[in-house]
>>> print(open('target_12.cif').read())   # mmCIF, C-alpha atoms
data_data
#
loop_
_atom_site.group_PDB
_atom_site.id
_atom_site.type_symbol
_atom_site.label_atom_id
_atom_site.label_comp_id
_atom_site.auth_asym_id
_atom_site.auth_seq_id
_atom_site.Cartn_x
_atom_site.Cartn_y
_atom_site.Cartn_z
ATOM 1 C CA MET A 1 55.267 -38.783 145.258
ATOM 2 C CA SER A 2 57.318 -41.841 146.164
ATOM 3 C CA ALA A 3 59.088 -41.700 142.769
ATOM 4 C CA LEU A 4 60.016 -38.063 143.353
ATOM 5 C CA ARG A 5 61.412 -38.877 146.806
ATOM 6 C CA ALA A 6 63.421 -41.717 145.314
ATOM 7 C CA SER A 7 64.886 -39.455 142.645
ATOM 8 C CA MET A 8 65.791 -36.872 145.276
ATOM 9 C CA ALA A 9 67.391 -39.511 147.501
ATOM 10 C CA THR A 10 69.564 -40.872 144.712
ATOM 11 C CA PRO A 11 70.073 -38.070 142.220
ATOM 12 C CA SER A 12 71.643 -38.979 138.902
ATOM 13 C CA PRO A 13 75.131 -37.577 138.255
ATOM 14 C CA ARG A 14 75.129 -34.107 136.806
ATOM 15 C CA PRO A 15 76.535 -33.761 133.284
ATOM 16 C CA GLY A 16 79.324 -31.621 134.728
ATOM 17 C CA ARG A 17 80.467 -34.402 137.025
ATOM 18 C CA ARG A 18 80.329 -36.968 134.247
ATOM 19 C CA MET A 19 82.427 -34.654 132.124
ATOM 20 C CA GLU A 20 84.966 -34.203 134.924
ATOM 21 C CA ARG A 21 85.281 -37.972 135.257
ATOM 22 C CA ALA A 22 85.752 -38.291 131.495
ATOM 23 C CA ILE A 23 88.479 -35.653 131.564
ATOM 24 C CA SER A 24 90.196 -37.376 134.501
ATOM 25 C CA ARG A 25 90.141 -40.735 132.707
ATOM 26 C CA ILE A 26 91.935 -39.189 129.742
ATOM 27 C CA ALA A 27 94.407 -37.120 131.754
ATOM 28 C CA ALA A 28 95.319 -39.703 134.418
ATOM 29 C CA PRO A 29 97.516 -41.954 132.220
ATOM 30 C CA GLN A 30 99.058 -38.762 130.797
ATOM 31 C CA LEU A 31 100.169 -37.617 134.259
ATOM 32 C CA GLY A 32 97.447 -34.974 134.444
ATOM 33 C CA VAL A 33 98.012 -33.503 130.973
ATOM 34 C CA ILE A 34 95.319 -33.223 128.317
ATOM 35 C CA THR A 35 95.071 -31.656 124.870
ATOM 36 C CA ARG A 36 92.401 -29.363 123.495
ATOM 37 C CA SER A 37 91.466 -31.965 120.873
ATOM 38 C CA GLN A 38 90.988 -34.541 123.632
ATOM 39 C CA LEU A 39 88.763 -32.135 125.551
ATOM 40 C CA LEU A 40 86.679 -31.520 122.436
ATOM 41 C CA GLY A 41 86.499 -35.262 121.848
ATOM 42 C CA ALA A 42 85.221 -35.753 125.404
ATOM 43 C CA GLY A 43 82.286 -33.442 124.615
ATOM 44 C CA LEU A 44 83.448 -30.052 125.871
ATOM 45 C CA GLY A 45 82.759 -27.085 123.647
ATOM 46 C CA PRO A 46 85.257 -24.264 123.067
ATOM 47 C CA SER A 47 83.438 -21.968 125.476
ATOM 48 C CA ALA A 48 83.453 -24.619 128.222
ATOM 49 C CA ILE A 49 87.211 -25.072 127.784
ATOM 50 C CA THR A 50 87.663 -21.302 128.018
ATOM 51 C CA ARG A 51 85.658 -21.217 131.261
ATOM 52 C CA LEU A 52 87.736 -24.035 132.792
ATOM 53 C CA ILE A 53 90.904 -22.117 131.966
ATOM 54 C CA ALA A 54 89.457 -18.892 133.391
ATOM 55 C CA LYS A 55 88.505 -20.691 136.609
ATOM 56 C CA GLY A 56 91.990 -22.149 136.936
ATOM 57 C CA ARG A 57 90.798 -25.738 136.513
ATOM 58 C CA LEU A 58 92.976 -26.109 133.419
ATOM 59 C CA ILE A 59 96.472 -24.620 133.316
ATOM 60 C CA PRO A 60 97.886 -23.959 129.836
ATOM 61 C CA VAL A 61 101.335 -25.498 129.306
ATOM 62 C CA HIS A 62 101.748 -25.203 125.546
ATOM 63 C CA ARG A 63 99.372 -24.143 122.828
ATOM 64 C CA GLY A 64 96.492 -26.611 122.885
ATOM 65 C CA VAL A 65 97.980 -28.554 125.828
ATOM 66 C CA HIS A 66 96.873 -28.142 129.441
ATOM 67 C CA ARG A 67 97.421 -29.736 132.800
ATOM 68 C CA LEU A 68 94.754 -30.330 135.422
ATOM 69 C CA ASN A 69 95.118 -28.017 138.384
ATOM 70 C CA GLY A 70 95.591 -29.664 141.761
ATOM 71 C CA LEU A 71 97.647 -32.600 140.509
ATOM 72 C CA PRO A 72 101.339 -32.804 141.464
ATOM 73 C CA LYS A 73 103.759 -31.306 138.970
ATOM 74 C CA SER A 74 106.810 -33.296 137.875
ATOM 75 C CA PHE A 75 109.522 -33.375 135.243
ATOM 76 C CA GLU A 76 107.786 -36.317 133.589
ATOM 77 C CA GLN A 77 104.591 -34.262 133.371
ATOM 78 C CA LEU A 78 106.499 -31.542 131.509
ATOM 79 C CA LEU A 79 107.816 -34.193 129.141
ATOM 80 C CA VAL A 80 104.319 -35.514 128.439
ATOM 81 C CA ALA A 81 103.127 -31.977 127.709
ATOM 82 C CA ALA A 82 106.022 -31.429 125.306
ATOM 83 C CA LEU A 83 105.316 -34.731 123.546
ATOM 84 C CA LEU A 84 101.621 -34.015 123.161
ATOM 85 C CA SER A 85 102.394 -30.582 121.792
ATOM 86 C CA GLY A 86 105.050 -31.968 119.457
ATOM 87 C CA GLY A 87 102.669 -34.532 118.044
ATOM 88 C CA PRO A 88 103.386 -37.749 116.128
ATOM 89 C CA GLY A 89 106.991 -38.561 115.308
ATOM 90 C CA THR A 90 108.517 -36.661 118.220
ATOM 91 C CA ALA A 91 110.468 -38.319 121.016
ATOM 92 C CA ILE A 92 111.986 -37.247 124.319
ATOM 93 C CA SER A 93 115.744 -37.306 123.795
ATOM 94 C CA HIS A 94 119.223 -36.227 124.850
ATOM 95 C CA LEU A 95 119.643 -35.166 128.510
ATOM 96 C CA ALA A 96 115.900 -35.372 129.217
ATOM 97 C CA ALA A 97 115.788 -39.013 128.082
ATOM 98 C CA ALA A 98 118.945 -39.753 130.094
ATOM 99 C CA VAL A 99 117.231 -38.410 133.231
ATOM 100 C CA VAL A 100 114.203 -40.638 132.629
ATOM 101 C CA PHE A 101 116.461 -43.686 132.222
ATOM 102 C CA GLY A 102 118.416 -42.700 135.316
ATOM 103 C CA PHE A 103 121.875 -42.534 133.728
ATOM 104 C CA GLU A 104 124.378 -41.926 136.489
ATOM 105 C CA GLY A 105 125.746 -38.393 136.681
ATOM 106 C CA ILE A 106 123.075 -36.864 134.411
ATOM 107 C CA ALA A 107 120.815 -34.091 135.671
ATOM 108 C CA SER A 108 118.434 -31.804 133.803
ATOM 109 C CA THR A 109 115.115 -30.045 134.305
ATOM 110 C CA VAL A 110 114.616 -28.981 130.687
ATOM 111 C CA PRO A 111 112.438 -31.051 128.324
ATOM 112 C CA GLU A 112 114.149 -32.008 125.065
ATOM 113 C CA LEU A 113 112.494 -33.333 121.923
ATOM 114 C CA SER A 114 113.876 -34.810 118.728
ATOM 115 C CA VAL A 115 111.941 -34.164 115.536
ATOM 116 C CA LEU A 116 112.743 -34.898 111.909
ATOM 117 C CA GLU A 117 114.622 -32.310 109.905
ATOM 118 C CA GLY A 118 112.465 -29.909 107.969
ATOM 119 C CA ARG A 119 109.770 -29.737 110.612
ATOM 120 C CA LYS A 120 109.191 -26.382 112.280
ATOM 121 C CA LEU A 121 108.490 -26.735 115.981
ATOM 122 C CA ARG A 122 109.049 -24.198 118.714
ATOM 123 C CA LEU A 123 107.918 -24.729 122.272
ATOM 124 C CA LYS A 124 108.597 -22.379 125.152
ATOM 125 C CA GLY A 125 110.989 -23.946 127.658
ATOM 126 C CA VAL A 126 111.685 -26.949 125.427
ATOM 127 C CA ILE A 127 114.893 -27.706 123.507
ATOM 128 C CA VAL A 128 114.057 -29.069 120.054
ATOM 129 C CA HIS A 129 116.646 -31.149 118.172
ATOM 130 C CA ARG A 130 116.199 -31.778 114.471
ATOM 131 C CA VAL A 131 117.518 -35.162 113.360
ATOM 132 C CA SER A 132 117.829 -36.786 109.952
ATOM 133 C CA ALA A 133 116.277 -40.089 111.013
ATOM 134 C CA LEU A 134 114.537 -41.637 113.984
ATOM 135 C CA GLY A 135 113.488 -45.158 113.116
ATOM 136 C CA PRO A 136 111.519 -47.739 115.106
ATOM 137 C CA ARG A 137 114.689 -49.255 116.572
ATOM 138 C CA ASP A 138 115.692 -45.857 117.975
ATOM 139 C CA VAL A 139 112.526 -45.163 119.992
ATOM 140 C CA CYS A 140 110.778 -46.918 122.848
ATOM 141 C CA ARG A 141 107.912 -46.418 125.275
ATOM 142 C CA ARG A 142 108.065 -45.912 129.023
ATOM 143 C CA GLY A 143 104.570 -45.314 130.355
ATOM 144 C CA PRO A 144 103.130 -42.264 128.576
ATOM 145 C CA LEU A 145 106.542 -41.244 127.271
ATOM 146 C CA ARG A 146 107.936 -41.911 123.807
ATOM 147 C CA LEU A 147 111.710 -41.688 124.118
ATOM 148 C CA THR A 148 114.852 -42.383 122.199
ATOM 149 C CA THR A 149 116.192 -45.772 123.307
ATOM 150 C CA PRO A 150 119.038 -45.871 125.841
ATOM 151 C CA ALA A 151 121.463 -46.697 123.011
ATOM 152 C CA ARG A 152 120.282 -43.859 120.775
ATOM 153 C CA THR A 153 120.287 -41.515 123.777
ATOM 154 C CA LEU A 154 123.963 -42.303 124.403
ATOM 155 C CA VAL A 155 124.730 -41.674 120.724
ATOM 156 C CA ASP A 156 123.046 -38.268 121.006
ATOM 157 C CA LEU A 157 124.834 -37.485 124.278
ATOM 158 C CA ALA A 158 128.222 -38.168 122.686
ATOM 159 C CA GLY A 159 128.063 -34.725 121.115
ATOM 160 C CA LEU A 160 127.107 -32.995 124.359
ATOM 161 C CA LEU A 161 129.020 -34.563 127.236
ATOM 162 C CA PRO A 162 132.731 -34.449 128.043
ATOM 163 C CA PRO A 163 134.426 -37.873 127.737
ATOM 164 C CA ASP A 164 134.435 -38.629 131.475
ATOM 165 C CA ALA A 165 130.714 -37.921 131.853
ATOM 166 C CA LEU A 166 129.951 -39.904 128.699
ATOM 167 C CA GLU A 167 131.941 -42.850 130.043
ATOM 168 C CA ASP A 168 129.981 -42.796 133.300
ATOM 169 C CA ALA A 169 126.676 -42.652 131.426
ATOM 170 C CA ILE A 170 127.673 -45.611 129.231
ATOM 171 C CA ASP A 171 128.726 -47.718 132.189
ATOM 172 C CA SER A 172 125.562 -46.821 134.082
ATOM 173 C CA ALA A 173 123.413 -47.999 131.174
ATOM 174 C CA LEU A 174 125.453 -51.184 130.677
ATOM 175 C CA ARG A 175 125.542 -52.027 134.374
ATOM 176 C CA ARG A 176 121.755 -51.743 134.698
ATOM 177 C CA GLY A 177 121.108 -53.756 131.541
ATOM 178 C CA LEU A 178 119.482 -50.840 129.711
ATOM 179 C CA THR A 179 121.603 -51.537 126.641
ATOM 180 C CA SER A 180 124.512 -53.671 125.472
ATOM 181 C CA LEU A 181 127.720 -53.179 123.522
ATOM 182 C CA PRO A 182 126.307 -54.742 120.317
ATOM 183 C CA THR A 183 123.167 -52.605 120.602
ATOM 184 C CA LEU A 184 125.273 -49.475 121.051
ATOM 185 C CA LYS A 185 127.384 -50.319 118.011
ATOM 186 C CA ALA A 186 124.239 -50.878 115.930
ATOM 187 C CA ALA A 187 122.847 -47.509 117.058
ATOM 188 C CA ILE A 188 126.071 -45.814 115.957
ATOM 189 C CA ASP A 189 125.855 -47.493 112.554
ATOM 190 C CA ARG A 190 122.269 -46.302 112.074
ATOM 191 C CA ARG A 191 123.183 -42.773 113.102
ATOM 192 C CA GLY A 192 126.168 -42.709 110.771
ATOM 193 C CA GLY A 193 129.502 -42.076 112.422
ATOM 194 C CA ARG A 194 131.234 -40.020 109.751
ATOM 195 C CA GLY A 195 131.361 -36.380 110.761
ATOM 196 C CA VAL A 196 128.993 -36.769 113.725
ATOM 197 C CA ARG A 197 130.279 -34.915 116.750
ATOM 198 C CA GLY A 198 131.431 -37.137 119.617
ATOM 199 C CA ILE A 199 130.986 -40.442 117.798
ATOM 200 C CA ALA A 200 134.726 -41.171 117.705
ATOM 201 C CA THR A 201 134.919 -40.725 121.481
ATOM 202 C CA LEU A 202 131.869 -42.916 121.997
ATOM 203 C CA GLN A 203 133.303 -45.621 119.731
ATOM 204 C CA ALA A 204 136.621 -45.577 121.610
ATOM 205 C CA LEU A 205 134.878 -45.948 124.961
ATOM 206 C CA ILE A 206 132.810 -48.858 123.637
ATOM 207 C CA ASP A 207 135.892 -50.556 122.184
ATOM 208 C CA ALA A 208 137.624 -50.283 125.575
ATOM 209 C CA ARG A 209 134.886 -52.314 127.238
ATOM 210 C CA THR A 210 134.910 -56.110 127.386
ATOM 211 C CA PRO A 211 131.678 -57.945 126.515
ATOM 212 C CA GLY A 212 130.197 -59.643 129.567
ATOM 213 C CA ASN A 213 132.254 -57.571 132.012
ATOM 214 C CA THR A 214 129.940 -55.565 134.265
ATOM 215 C CA PRO A 215 131.145 -51.934 134.338
ATOM 216 C CA GLY A 216 131.843 -50.101 137.559
ATOM 217 C CA SER A 217 130.229 -47.034 139.019
ATOM 218 C CA SER A 218 131.112 -43.451 138.179
ATOM 219 C CA LYS A 219 133.184 -43.206 141.373
ATOM 220 C CA GLU A 220 135.147 -46.312 140.399
ATOM 221 C CA ASN A 221 135.762 -44.676 137.041
ATOM 222 C CA GLU A 222 136.848 -41.501 138.811
ATOM 223 C CA LEU A 223 139.338 -43.461 140.902
ATOM 224 C CA ARG A 224 140.743 -45.205 137.815
ATOM 225 C CA ARG A 225 141.036 -41.917 135.938
ATOM 226 C CA LEU A 226 142.840 -40.352 138.925
ATOM 227 C CA LEU A 227 145.492 -43.095 138.862
ATOM 228 C CA VAL A 228 145.962 -42.968 135.096
ATOM 229 C CA SER A 229 146.176 -39.162 135.006
ATOM 230 C CA ALA A 230 148.935 -39.363 137.647
ATOM 231 C CA GLY A 231 150.986 -41.563 135.331
ATOM 232 C CA LEU A 232 150.232 -44.953 136.880
ATOM 233 C CA PRO A 233 149.453 -47.922 134.639
ATOM 234 C CA ALA A 234 145.756 -48.401 133.958
ATOM 235 C CA PRO A 235 144.354 -50.924 136.448
ATOM 236 C CA VAL A 236 142.147 -53.805 135.325
ATOM 237 C CA THR A 237 138.485 -53.042 135.990
ATOM 238 C CA GLN A 238 136.076 -55.519 137.602
ATOM 239 C CA HIS A 239 138.824 -58.094 138.008
ATOM 240 C CA GLU A 240 137.942 -61.645 139.056
ATOM 241 C CA ILE A 241 140.303 -63.026 141.696
ATOM 242 C CA ARG A 242 140.657 -66.805 141.755
ATOM 243 C CA ASP A 243 142.653 -69.165 143.966
ATOM 244 C CA GLU A 244 145.360 -71.554 142.834
ATOM 245 C CA ARG A 245 142.707 -74.112 141.839
ATOM 246 C CA GLY A 246 140.854 -71.587 139.701
ATOM 247 C CA ARG A 247 137.987 -71.217 142.129
ATOM 248 C CA PHE A 248 136.276 -67.823 142.248
ATOM 249 C CA VAL A 249 137.216 -65.732 145.285
ATOM 250 C CA ALA A 250 135.890 -62.246 144.581
ATOM 251 C CA ARG A 251 135.379 -59.602 141.939
ATOM 252 C CA VAL A 252 137.146 -56.347 142.799
ATOM 253 C CA ASP A 253 136.609 -52.871 141.395
ATOM 254 C CA LEU A 254 140.181 -52.336 140.209
ATOM 255 C CA ALA A 255 143.290 -54.486 140.291
ATOM 256 C CA TYR A 256 146.916 -54.821 139.320
ATOM 257 C CA PRO A 257 146.948 -58.622 139.011
ATOM 258 C CA GLU A 258 150.678 -58.969 138.417
ATOM 259 C CA GLN A 259 151.430 -57.025 141.587
ATOM 260 C CA ARG A 260 148.589 -58.800 143.469
ATOM 261 C CA VAL A 261 146.989 -55.487 144.417
ATOM 262 C CA ALA A 262 143.214 -55.045 144.644
ATOM 263 C CA ILE A 263 141.555 -51.625 144.938
ATOM 264 C CA GLU A 264 137.990 -51.189 146.159
ATOM 265 C CA TYR A 265 135.803 -48.088 146.146
ATOM 266 C CA ASP A 266 133.396 -48.147 149.074
ATOM 267 C CA GLY A 267 130.170 -46.296 148.335
ATOM 268 C CA GLY A 268 127.661 -45.193 150.930
ATOM 269 C CA HIS A 269 126.061 -48.644 151.187
ATOM 270 C CA HIS A 270 129.277 -50.001 152.747
ATOM 271 C CA ALA A 271 128.497 -47.929 155.845
ATOM 272 C CA ASP A 272 125.565 -50.238 156.530
ATOM 273 C CA ARG A 273 126.521 -52.631 159.320
ATOM 274 C CA ARG A 274 125.200 -55.706 157.542
ATOM 275 C CA GLN A 275 127.184 -54.815 154.409
ATOM 276 C CA TRP A 276 130.256 -54.098 156.521
ATOM 277 C CA GLU A 277 129.967 -57.473 158.198
ATOM 278 C CA SER A 278 129.798 -59.240 154.828
ATOM 279 C CA ASP A 279 132.788 -57.214 153.572
ATOM 280 C CA LEU A 280 135.064 -58.581 156.311
ATOM 281 C CA PRO A 281 135.138 -62.299 155.350
ATOM 282 C CA ARG A 282 135.300 -61.316 151.684
ATOM 283 C CA GLN A 283 138.407 -59.226 152.295
ATOM 284 C CA ASN A 284 139.924 -62.044 154.337
ATOM 285 C CA ARG A 285 139.452 -64.410 151.395
ATOM 286 C CA ILE A 286 141.155 -61.926 149.092
ATOM 287 C CA ASN A 287 144.055 -61.544 151.524
ATOM 288 C CA ASN A 288 144.397 -65.308 151.842
ATOM 289 C CA VAL A 289 145.172 -65.693 148.124
ATOM 290 C CA GLY A 290 147.976 -63.169 148.377
ATOM 291 C CA TYR A 291 146.321 -59.906 147.354
ATOM 292 C CA HIS A 292 146.970 -56.602 149.103
ATOM 293 C CA VAL A 293 143.678 -54.694 149.376
ATOM 294 C CA LEU A 294 143.404 -50.914 149.291
ATOM 295 C CA ARG A 295 140.024 -49.353 150.052
ATOM 296 C CA TYR A 296 138.900 -45.809 149.325
ATOM 297 C CA CYS A 297 135.743 -43.726 149.700
ATOM 298 C CA LYS A 298 134.346 -40.464 148.421
ATOM 299 C CA ARG A 299 136.212 -38.412 151.031
ATOM 300 C CA ASP A 300 139.533 -39.901 149.906
ATOM 301 C CA LEU A 301 138.930 -38.849 146.320
ATOM 302 C CA ASN A 302 137.764 -35.380 147.326
ATOM 303 C CA ASP A 303 140.170 -34.515 150.139
ATOM 304 C CA ARG A 304 143.407 -36.416 149.505
ATOM 305 C CA PRO A 305 143.710 -37.548 145.900
ATOM 306 C CA SER A 306 147.501 -37.154 145.820
ATOM 307 C CA GLU A 307 147.859 -39.420 148.862
ATOM 308 C CA VAL A 308 145.642 -42.030 147.186
ATOM 309 C CA VAL A 309 147.941 -41.987 144.159
ATOM 310 C CA ASP A 310 151.046 -42.310 146.357
ATOM 311 C CA GLU A 311 149.552 -45.254 148.276
ATOM 312 C CA VAL A 312 148.683 -47.125 145.096
ATOM 313 C CA ARG A 313 152.065 -46.282 143.575
ATOM 314 C CA CYS A 314 153.796 -47.751 146.638
ATOM 315 C CA ALA A 315 151.578 -50.826 146.666
ATOM 316 C CA ILE A 316 152.434 -51.736 143.082
ATOM 317 C CA GLY A 317 156.140 -51.184 143.693
ATOM 318 C CA LEU A 318 156.738 -47.958 141.829
ATOM 319 C CA SER A 319 159.105 -45.290 143.088
ATOM 320 C CA PRO A 320 157.532 -42.099 144.418
ATOM 321 C CA THR A 321 157.611 -39.096 142.125
#
>>> encode(input="target_12.cif", output="structure tokens")
Amino acid sequence: MSALRASMATPSPRPGRRMERAISRIAAPQLGVITRSQLLGAGLGPSAITRLIAKGRLIPVHRGVHRLNGLPKSFEQLLVAALLSGGPGTAISHLAAAVVFGFEGIASTVPELSVLEGRKLRLKGVIVHRVSALGPRDVCRRGPLRLTTPARTLVDLAGLLPPDALEDAIDSALRRGLTSLPTLKAAIDRRGGRGVRGIATLQALIDARTPGNTPGSSKENELRRLLVSAGLPAPVTQHEIRDERGRFVARVDLAYPEQRVAIEYDGGHHADRRQWESDLPRQNRINNVGYHVLRYCKRDLNDRPSEVVDEVRCAIGLSPT
């Protein structure tokens, strides 16, 4: 009698609960996604899987790939589902990979996969790219995701993005240390530049960048492009200002060193009081070595671009148009 009471007081886990925990252990690192083969491997029979789907516990995403109901949905979860459905050798690529890496100016909600040529793969809601080669140096891991590397992603984007957007994506990746100029050049060589759409533009943008010089933001690029498109000389990007003894004073976004003109783009973080207070002595130091500082923000570029051009033109001593 005492043994019966003890068993009632501390009942052993039901097989169903053990199975649920096994499923959760598999799905958790996959952001709540699980395959039919994984369910079968965990001990569920085909009829049990069918019942879980009927009850809404498993939500089909692709054939043989499900997500656990009740867990938050995300873009990354869709990417995991696409990868699991695509199987070995596939990789998240193009705009989808750029979103995962956080390339500036890139937005997408559509999963994209790269697979080797000759393979037939169709997935609802997924863009499938067929590529001639995707070697070990062109793929990487980020959590449960297998992706094309930042360098290979930029090579793939060269055929999709307009030059300005491609430039911003390159600079974003370089600025955050996701890739480097030599790594980008090696990725181009592996891809094969001859006849590949966008590669010439990508190569030109890479050649225009100086090794070791941290690129600016997309808004800094926008400001530079505005000045150049208006016929002004191209300013030097990320220019180091030094005093007469060669001591470092400041690095400015854009500059015309011969005319002693510095141009700064102030992003949203400059509105912070602490940042503003640190900007003041910095600007004073720049002024003290004979530079004239012009500062612009997003509203200037959006609302009065022609006035910005005229102000810079005047500052560098050019006649108005």
>>> resolve_selection(input="target_12.cif", expression="the PyMOL selection byres ((chain A and resi 153-167) around 9)", output="PyMOL selection string")
chain A and resi 93-95+97-98+104-106+138+147-152+168-173+184+187-188+191+196-202+205-206+218+221-222+225
>>> closest_residue(input="target_12.cif", among="A:Arg122, A:Arg175, A:Arg137, A:Arg209", to="Arg190 (chain A)", atoms="all atoms listed in the file")
A:Arg137
>>> resolve_selection(input="target_12.cif", expression="the PyMOL selection byres ((chain A and resi 64) around 8)", output="list in words")
Thr35, Arg36, Ser37, Pro60, His62, Arg63, Val65, His66 and Ser85 of chain A
>>> atom_distance(input="target_12.cif", atom1="CA of Gly231 (chain A)", atom2="CA of Gln203 (chain A)")
23.9 Å
>>> atom_distance(input="target_12.cif", atom1="CA of Ser278 (chain A)", atom2="CA of Leu301 (chain A)")
23.9 Å
>>> resolve_selection(input="target_12.cif", expression="the PyMOL selection byres ((chain A and resi 242) around 12)", output="MDAnalysis selection string")
chainID A and resid 239:241 243:252 257 260 285:291
>>> residues_around(input="target_12.cif", residues="Pro144 (chain A)", least_positions_apart="5", cutoff="12 Å", atoms="all atoms listed in the file", output="JSON, numbers by chain")
{"A": [26, 27, 28, 29, 30, 31, 32, 33, 34, 76, 77, 78, 79, 80, 81, 82, 83, 84, 91, 92, 100]}
>>> residues_around(input="target_12.cif", residues="Leu52 (chain A)", least_positions_apart="3", cutoff="12 Å", atoms="only C-alpha atoms", output="list in words")
Gly16, Met19, Glu20, Ile23, Arg36, Leu39, Leu44, Gly45, Pro46, Ser47, Ala48, Ile49, Lys55, Gly56, Arg57, Leu58, Ile59, Pro60, His66, Arg67, Leu68 and Asn69 of chain A
>>> atom_distance(input="target_12.cif", atom1="CA of Gln38 (chain A)", atom2="CA of Lys73 (chain A)")
20.2 Å
>>> closest_residue(input="target_12.cif", among="A:Val308, A:Glu258, A:Glu117, A:Glu277", to="His292 (chain A)", atoms="only C-alpha atoms")
A:Glu258
>>> closest_residue(input="target_12.cif", among="A:Pro136, A:Pro320, A:Gly125, A:Gly216", to="Leu174 (chain A)", atoms="all atoms listed in the file")
A:Gly216
>>> build_atoms(input="target_12.cif", residues="region 168-173 of chain A", atoms="all heavy atoms", output="mmCIF file, in the coordinates of the input")
data_model
loop_
_atom_site.group_PDB
_atom_site.id
_atom_site.type_symbol
_atom_site.label_atom_id
_atom_site.label_comp_id
_atom_site.auth_asym_id
_atom_site.auth_seq_id
_atom_site.Cartn_x
_atom_site.Cartn_y
_atom_site.Cartn_z
ATOM 1 N N ASP A 168 130.806 -42.425 132.143
ATOM 2 C CA ASP A 168 129.981 -42.796 133.300
ATOM 3 C C ASP A 168 128.557 -43.127 132.872
ATOM 4 O O ASP A 168 127.939 -44.048 133.417
ATOM 5 C CB ASP A 168 129.966 -41.654 134.322
ATOM 6 C CG ASP A 168 131.319 -41.445 134.984
ATOM 7 O OD1 ASP A 168 132.170 -42.354 134.904
ATOM 8 O OD2 ASP A 168 131.537 -40.358 135.559
ATOM 9 N N ALA A 169 128.030 -42.382 131.907
ATOM 10 C CA ALA A 169 126.676 -42.652 131.426
ATOM 11 C C ALA A 169 126.618 -44.010 130.721
ATOM 12 O O ALA A 169 125.672 -44.785 130.915
ATOM 13 C CB ALA A 169 126.223 -41.545 130.476
ATOM 14 N N ILE A 170 127.626 -44.308 129.911
ATOM 15 C CA ILE A 170 127.673 -45.611 129.231
ATOM 16 C C ILE A 170 127.702 -46.741 130.243
ATOM 17 O O ILE A 170 126.929 -47.708 130.152
ATOM 18 C CB ILE A 170 128.918 -45.681 128.317
ATOM 19 C CG1 ILE A 170 128.804 -44.712 127.151
ATOM 20 C CG2 ILE A 170 129.119 -47.105 127.792
ATOM 21 C CD1 ILE A 170 130.099 -44.545 126.375
ATOM 22 N N ASP A 171 128.586 -46.638 131.209
ATOM 23 C CA ASP A 171 128.726 -47.718 132.189
ATOM 24 C C ASP A 171 127.474 -47.874 133.034
ATOM 25 O O ASP A 171 127.099 -48.991 133.415
ATOM 26 C CB ASP A 171 129.940 -47.458 133.084
ATOM 27 C CG ASP A 171 131.254 -47.737 132.363
ATOM 28 O OD1 ASP A 171 131.207 -48.302 131.255
ATOM 29 O OD2 ASP A 171 132.320 -47.388 132.893
ATOM 30 N N SER A 172 126.813 -46.751 133.333
ATOM 31 C CA SER A 172 125.562 -46.821 134.082
ATOM 32 C C SER A 172 124.519 -47.605 133.303
ATOM 33 O O SER A 172 123.816 -48.469 133.848
ATOM 34 C CB SER A 172 125.059 -45.403 134.376
ATOM 35 O OG SER A 172 123.771 -45.417 134.951
ATOM 36 N N ALA A 173 124.400 -47.312 132.009
ATOM 37 C CA ALA A 173 123.413 -47.999 131.174
ATOM 38 C C ALA A 173 123.756 -49.477 131.008
ATOM 39 O O ALA A 173 122.875 -50.343 131.058
ATOM 40 C CB ALA A 173 123.332 -47.326 129.807
#
